[in-house]
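Asks: Mind looking over this structure? Questions follow.
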Amino acid sequence: MEKNRKLVVEPIYLGFSTVIATLLIYEPALHSFVNFGYFETFIMPFSLTAFASCAIYAIVCITLAQKAPRNVTGKQAIEKVLRFGSTALGAGGFLLLVAFEGTLPLQIASGFFAGISAASVLLAWGETYAGCSMQKSLLHIALSCVIAVLLMNTMGTLPFPITAVLFCLLTAASAILPTFWNERHVTDRPSRETEPSVKASLRPVRRMLGNLAEPLIGIFLFSLVFATLGDHRVYLFYLSFLMGTLLSGLCIIPLLYINSTRPILSLIYQVILPVLGLVLIVVTMIAPDSPQGIVARNGSMLFYAFASMLFIASIIGFTTADEFEPELILGSAVATFAIGGFLGTALVAIVGRNDYVTGVFLALTCIYVIFLAIRPSVLAWMGKEASPFGAPPHDDAGDREATCFALAETYGLTDRETEILGYVVADHTSSYIARTLFISESTVRGHIHHIYQKLGISSREEMIALFKQSAAIR
C-alpha cells in the first residue's frame, strides 16, 4: 500500500542481524560459546581489552570527523582495511581462544582487534542506516533482533566446528555488506548541504551530546547493567534476554503498521515502557529470590530489549538531520556503549558479581526510567509542550498520510521531511515533533525550513492550506 511506503522491508538492512549475533563486545552474542571449558578463563581480559579498544577507536573517529570531511582522499580506504583486517583477526583469535584457551598475550591481542572491528562495523552500519526515518530504522532493527536471536540460539546448540564456520560467515557478512552497500549508494542519499540559517545552528560535540543525552544514558546503563548482571556459567540470564528480545521485536513490528490519530510508539516510550520497567526492576530488587522476583527479573529483559531498540532507532534518527555529522553521532553512541561495558566488566573483575553491585545499577536504572516517565508531564507543566501527546488532529490518519505522500512525490520531499510534514499539518508543535522523533527542536525547525522552500511557502498556515487543497483534490 502506498501509505506504508516507508515501511517496506529492505533485505540489506536485515544484514544488521549478523552484527548482533556475532558482535564480540555484546555479551549475549558471546554466550553462544559458554559451554566450552576455557571460556571463563579468557573472557575477562578479552572483554576488557575489546571494550577499551572499541571506545578508543570510536573516540578517534569522533575527533577526526571534526577535522576532516568524510570524502578526504584515502580515508575510506584506510577504514576498509582496518574493518576487514581487524574483523578477520578478532574473529579468528576469538575462535582460537575458545578452542585452545591461549596465553594472555593472545587474549589481549584478540580483544584489541575485536574491539576495533566492533567499532568500525557498527559505524559502517550506522552510515548504511543514515537517512532512514525513525519508523523505517526501528522496523528493520526489530526484525534484525528477531533474526539475531534465532542465529545466536542456533550457534549455541550446534557442534563447535559447525558453529565456528557459521560464526565466520556471519562475521564476514557483518563487515562486507555495509562496506559495499555504502560505496554503491553514496550518491543516492539525500544531500546534507544546508542553508546558512541552518548551518548557523551547528555546535560542537558538547551541544550534540546534550541533544543525545537521553538515548546515550540509556545505552550506557544498558551496557553497564549487562556487564554486571551477566553470568557466563549459566544460561538463565542469557535465555531470558533472548526471549525478551524476541517478544519485543514481535511487538514493535505490528505497532509500526497501526494507523492512529496519535503516535502509539510515543505513548509506549514515554509512559507505558518506563512504568512497566520501574515495576519490574523494583520487584526484582525487593524480592530477587522469590517467584515474583524471578518473573520480574525475566520480565525486565523485555524492558531492556524494547528500550534498547528504541534507543538505537533514535540515534539513527539524529543522523537524518543536518545539525551534526553522522560520524559524530554514531561514534558517540559506540563509545558510550563500550565505556559502559568496560566499567561494568572492570567492576566485576575487581569485586566479583554480587547482589550489592547488581542492586546499585538496578537502582540507577530505576532513576532513569522514572525520569523517562515524568519528563513529558514536566515539560507540559512548564509550558514547553502542549500536552504529553500533542493536540489531536481533526482528520483521518490514513488519509492524512496518503496526502502527505502525494505532496512528497510532487515536491520532492525526503522521507524525514514527509514525516515531519504529517505532524505539522496535524497541528503538532515543534517541541512535540522533536520529542516524538527523538531529535532536537532546532533539527525540526531546519527540516520545516527546507519544506517551506520546496513547497514555495513561508508559514505553517500556508502549509496547512496547501495540504487541505491537495486533500480536497484527492
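Residue names in the C-alpha cells use chain letters A, B, ... in the order shown, residue numbers from 1 in each chain, and ligand numbers from 1 in the order shown.
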Using only C-alpha atoms, determine which residues lie at most 12 Å from Asn182 in chain A, disregarding the query and same-chain residues fewer than 5 positions distant; provide the list as a list in words.
Replies: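 Here the answer would be Ile12, Tyr13, Gln76, Lys80, Leu123, Ala124, Trp125, Gly126, Glu127, Thr128, Tyr129, Ala130, Ala175, Ile176, Leu177, Thr187, Asp188 and Arg189 of chain A.
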Asks: Could you please take those selected residues and save N, CA and C atoms as a PDB file, in the first residue's frame?
Replies:
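Output file again-v2.pdb is given in full below:
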```pdb
ATOM      1  N   ILE A  12      18.660  -5.562   2.690  1.00  0.00           N
ATOM      2  CA  ILE A  12      20.015  -5.147   3.063  1.00  0.00           C
ATOM      3  C   ILE A  12      20.085  -4.751   4.532  1.00  0.00           C
ATOM      4  N   TYR A  13      19.057  -4.083   5.039  1.00  0.00           N
ATOM      5  CA  TYR A  13      19.088  -3.630   6.427  1.00  0.00           C
ATOM      6  C   TYR A  13      18.988  -4.794   7.409  1.00  0.00           C
ATOM      7  N   GLN A  76      38.483   6.599   3.445  1.00  0.00           N
ATOM      8  CA  GLN A  76      37.594   5.447   3.344  1.00  0.00           C
ATOM      9  C   GLN A  76      38.371   4.160   3.066  1.00  0.00           C
ATOM     10  N   LYS A  80      38.356   0.809   5.392  1.00  0.00           N
ATOM     11  CA  LYS A  80      38.024  -0.504   4.854  1.00  0.00           C
ATOM     12  C   LYS A  80      39.083  -1.538   5.255  1.00  0.00           C
ATOM     13  N   LEU A 123      29.927   1.540  13.037  1.00  0.00           N
ATOM     14  CA  LEU A 123      29.913   2.836  12.353  1.00  0.00           C
ATOM     15  C   LEU A 123      29.500   2.677  10.892  1.00  0.00           C
ATOM     16  N   ALA A 124      29.953   1.595  10.254  1.00  0.00           N
ATOM     17  CA  ALA A 124      29.588   1.359   8.858  1.00  0.00           C
ATOM     18  C   ALA A 124      28.093   1.088   8.723  1.00  0.00           C
ATOM     19  N   TRP A 125      27.543   0.302   9.644  1.00  0.00           N
ATOM     20  CA  TRP A 125      26.103   0.038   9.587  1.00  0.00           C
ATOM     21  C   TRP A 125      25.303   1.290   9.924  1.00  0.00           C
ATOM     22  N   GLY A 126      25.821   2.112  10.820  1.00  0.00           N
ATOM     23  CA  GLY A 126      25.151   3.374  11.098  1.00  0.00           C
ATOM     24  C   GLY A 126      25.083   4.251   9.866  1.00  0.00           C
ATOM     25  N   GLU A 127      26.161   4.247   9.085  1.00  0.00           N
ATOM     26  CA  GLU A 127      26.179   5.012   7.838  1.00  0.00           C
ATOM     27  C   GLU A 127      25.174   4.441   6.840  1.00  0.00           C
ATOM     28  N   THR A 128      25.029   3.129   6.832  1.00  0.00           N
ATOM     29  CA  THR A 128      24.054   2.493   5.937  1.00  0.00           C
ATOM     30  C   THR A 128      22.640   2.915   6.291  1.00  0.00           C
ATOM     31  N   TYR A 129      22.348   2.978   7.588  1.00  0.00           N
ATOM     32  CA  TYR A 129      21.017   3.360   8.044  1.00  0.00           C
ATOM     33  C   TYR A 129      20.774   4.862   7.961  1.00  0.00           C
ATOM     34  N   ALA A 130      21.833   5.667   7.881  1.00  0.00           N
ATOM     35  CA  ALA A 130      21.677   7.125   7.876  1.00  0.00           C
ATOM     36  C   ALA A 130      20.740   7.546   6.747  1.00  0.00           C
ATOM     37  N   ALA A 175      30.697  -7.314   8.120  1.00  0.00           N
ATOM     38  CA  ALA A 175      31.682  -6.316   7.701  1.00  0.00           C
ATOM     39  C   ALA A 175      31.565  -5.973   6.220  1.00  0.00           C
ATOM     40  N   ILE A 176      31.245  -6.957   5.388  1.00  0.00           N
ATOM     41  CA  ILE A 176      31.245  -6.755   3.938  1.00  0.00           C
ATOM     42  C   ILE A 176      29.989  -6.032   3.458  1.00  0.00           C
ATOM     43  N   LEU A 177      28.813  -6.425   3.963  1.00  0.00           N
ATOM     44  CA  LEU A 177      27.551  -5.867   3.460  1.00  0.00           C
ATOM     45  C   LEU A 177      27.493  -4.337   3.534  1.00  0.00           C
ATOM     46  N   THR A 187      25.782   8.076  -3.621  1.00  0.00           N
ATOM     47  CA  THR A 187      25.201   9.159  -4.414  1.00  0.00           C
ATOM     48  C   THR A 187      23.688   9.190  -4.345  1.00  0.00           C
ATOM     49  N   ASP A 188      23.073   8.111  -3.829  1.00  0.00           N
ATOM     50  CA  ASP A 188      21.615   8.065  -3.745  1.00  0.00           C
ATOM     51  C   ASP A 188      21.072   8.729  -2.495  1.00  0.00           C
ATOM     52  N   ARG A 189      21.966   9.053  -1.549  1.00  0.00           N
ATOM     53  CA  ARG A 189      21.492   9.593  -0.285  1.00  0.00           C
ATOM     54  C   ARG A 189      21.151  11.069  -0.411  1.00  0.00           C
TER      55      ARG A 189
END
```
Asks: Tell me, in Å to one decimal, how far CA of Pro45 in chain A is from CA of Gly111 in chain A.
Replies: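 Interatomic distance, CA of Pro45 in chain A to CA of Gly111 in chain A: 7.7 Å.
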Asks: Counting only C-alpha atoms, give me one row per residue of range 32-143 of chain A with an atom at most 9 Å from an atom of range 412-430 of chain A, showing the shortest contact pair and its distance in Å to one decimal, sorted by chain then residue number, as a Markdown table.
Replies:
```
| residue | atom | partner | partner_atom | distance |
| --- | --- | --- | --- | --- |
| A:Gly131 | CA | A:Arg416 | CA | 7.8 |
| A:Cys132 | CA | A:Asp415 | CA | 7.3 |
| A:Ser133 | CA | A:Arg416 | CA | 5.5 |
| A:Met134 | CA | A:Arg416 | CA | 8.2 |
```
Asks: Hey, what does DSSP flag as alpha helix (DSSP H) within range 19-121 of chain A? Can you give it to me as an MDAnalysis selection string?
Replies: chainID A and resid 19:22 27:30 39:67 75:100 104:121
Asks: Which of these residues is nearest to Val149 in chain A, using only C-alpha atoms: A:Gly93, A:Gly249, A:Pro254, A:Pro178?
Replies: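 For Val149 in chain A, the nearest of the candidates is A:Gly249.
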Asks: Do you know which residues are at most 9 Å from Ile253 in chain A counting only C-alpha atoms, after dropping those on the same chain fewer than 5 positions away, and could you put them as a list of chain:residue names?
Replies: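 Using only C-alpha atoms, the neighbours found are A:Leu138, A:Leu139, A:His140, A:Ala142, A:Leu143, A:Ser248.
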Asks: Write the residues of the preceding selection, restricted to C-alpha atoms, as an mmCIF file, in the first residue's frame.
Replies:
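See part.cif below for the written result:
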```
data_model
loop_
_atom_site.group_PDB
_atom_site.id
_atom_site.type_symbol
_atom_site.label_atom_id
_atom_site.label_comp_id
_atom_site.auth_asym_id
_atom_site.auth_seq_id
_atom_site.Cartn_x
_atom_site.Cartn_y
_atom_site.Cartn_z
ATOM 1 C CA LEU A 138 13.015 0.771 14.026
ATOM 2 C CA LEU A 139 11.211 -1.731 11.797
ATOM 3 C CA HIS A 140 14.471 -3.140 10.447
ATOM 4 C CA ALA A 142 13.297 -5.035 15.389
ATOM 5 C CA LEU A 143 13.353 -7.586 12.560
ATOM 6 C CA SER A 248 9.973 -7.101 21.964
#
```
Asks: My list of candidates is A:Asn153, A:Val19, A:Ala213, A:Val225. Which is closest to Thr171 in chain A when distances are computed with only C-alpha atoms?
Replies: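 With only C-alpha atoms as the atom set, the closest residue is A:Val19.
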Asks: Counting only C-alpha atoms, figure out which residue out of A:Pro274, A:Pro326, A:Pro11, A:Gly331 gets nearest to Ser120 in chain A.
Replies: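 Of all the options, A:Gly331 lies closest to Ser120 in chain A.
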Asks: Counting only C-alpha atoms, which of A:Val348, A:Met309, A:Ala338, A:Ile56 gets nearest to Ile252 in chain A?
Replies: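 When distances to Ile252 in chain A are compared using only C-alpha atoms, the smallest one comes from A:Met309.
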Asks: Have a look at CA of Ala50 in chain A and CA of Ser332 in chain A and let me know their distance in Å, one decimal.
Replies: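 So the two atoms, CA of Ala50 in chain A and CA of Ser332 in chain A, lie 16.8 Å apart.
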Asks: For each of A:Phe94, A:Phe36, A:Phe113, A:Phe84, take the minimum atom-to-atom distance to Thr49 in chain A, counting only C-alpha atoms, then give the residue where this is smallest.
Replies: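 Counting only C-alpha atoms, the residue closest to Thr49 in chain A is A:Phe113.
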Asks: Can you list, as an MDAnalysis selection string, every protein, DNA or RNA residue that comes within 12 Å of Ala164 in chain A when you count only C-alpha atoms, leaving out same-chain residues fewer than 3 positions away?
Replies: chainID A and resid 22 32:33 91:99 154:161 167:171
Asks: Out of A:Ala349, A:Ile370, A:Leu209, A:Leu246, which residue has the shortest atom-to-atom distance to Ile272 in chain A when counting only C-alpha atoms?
Replies: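 For Ile272 in chain A, the nearest of the given residues is A:Ile370.
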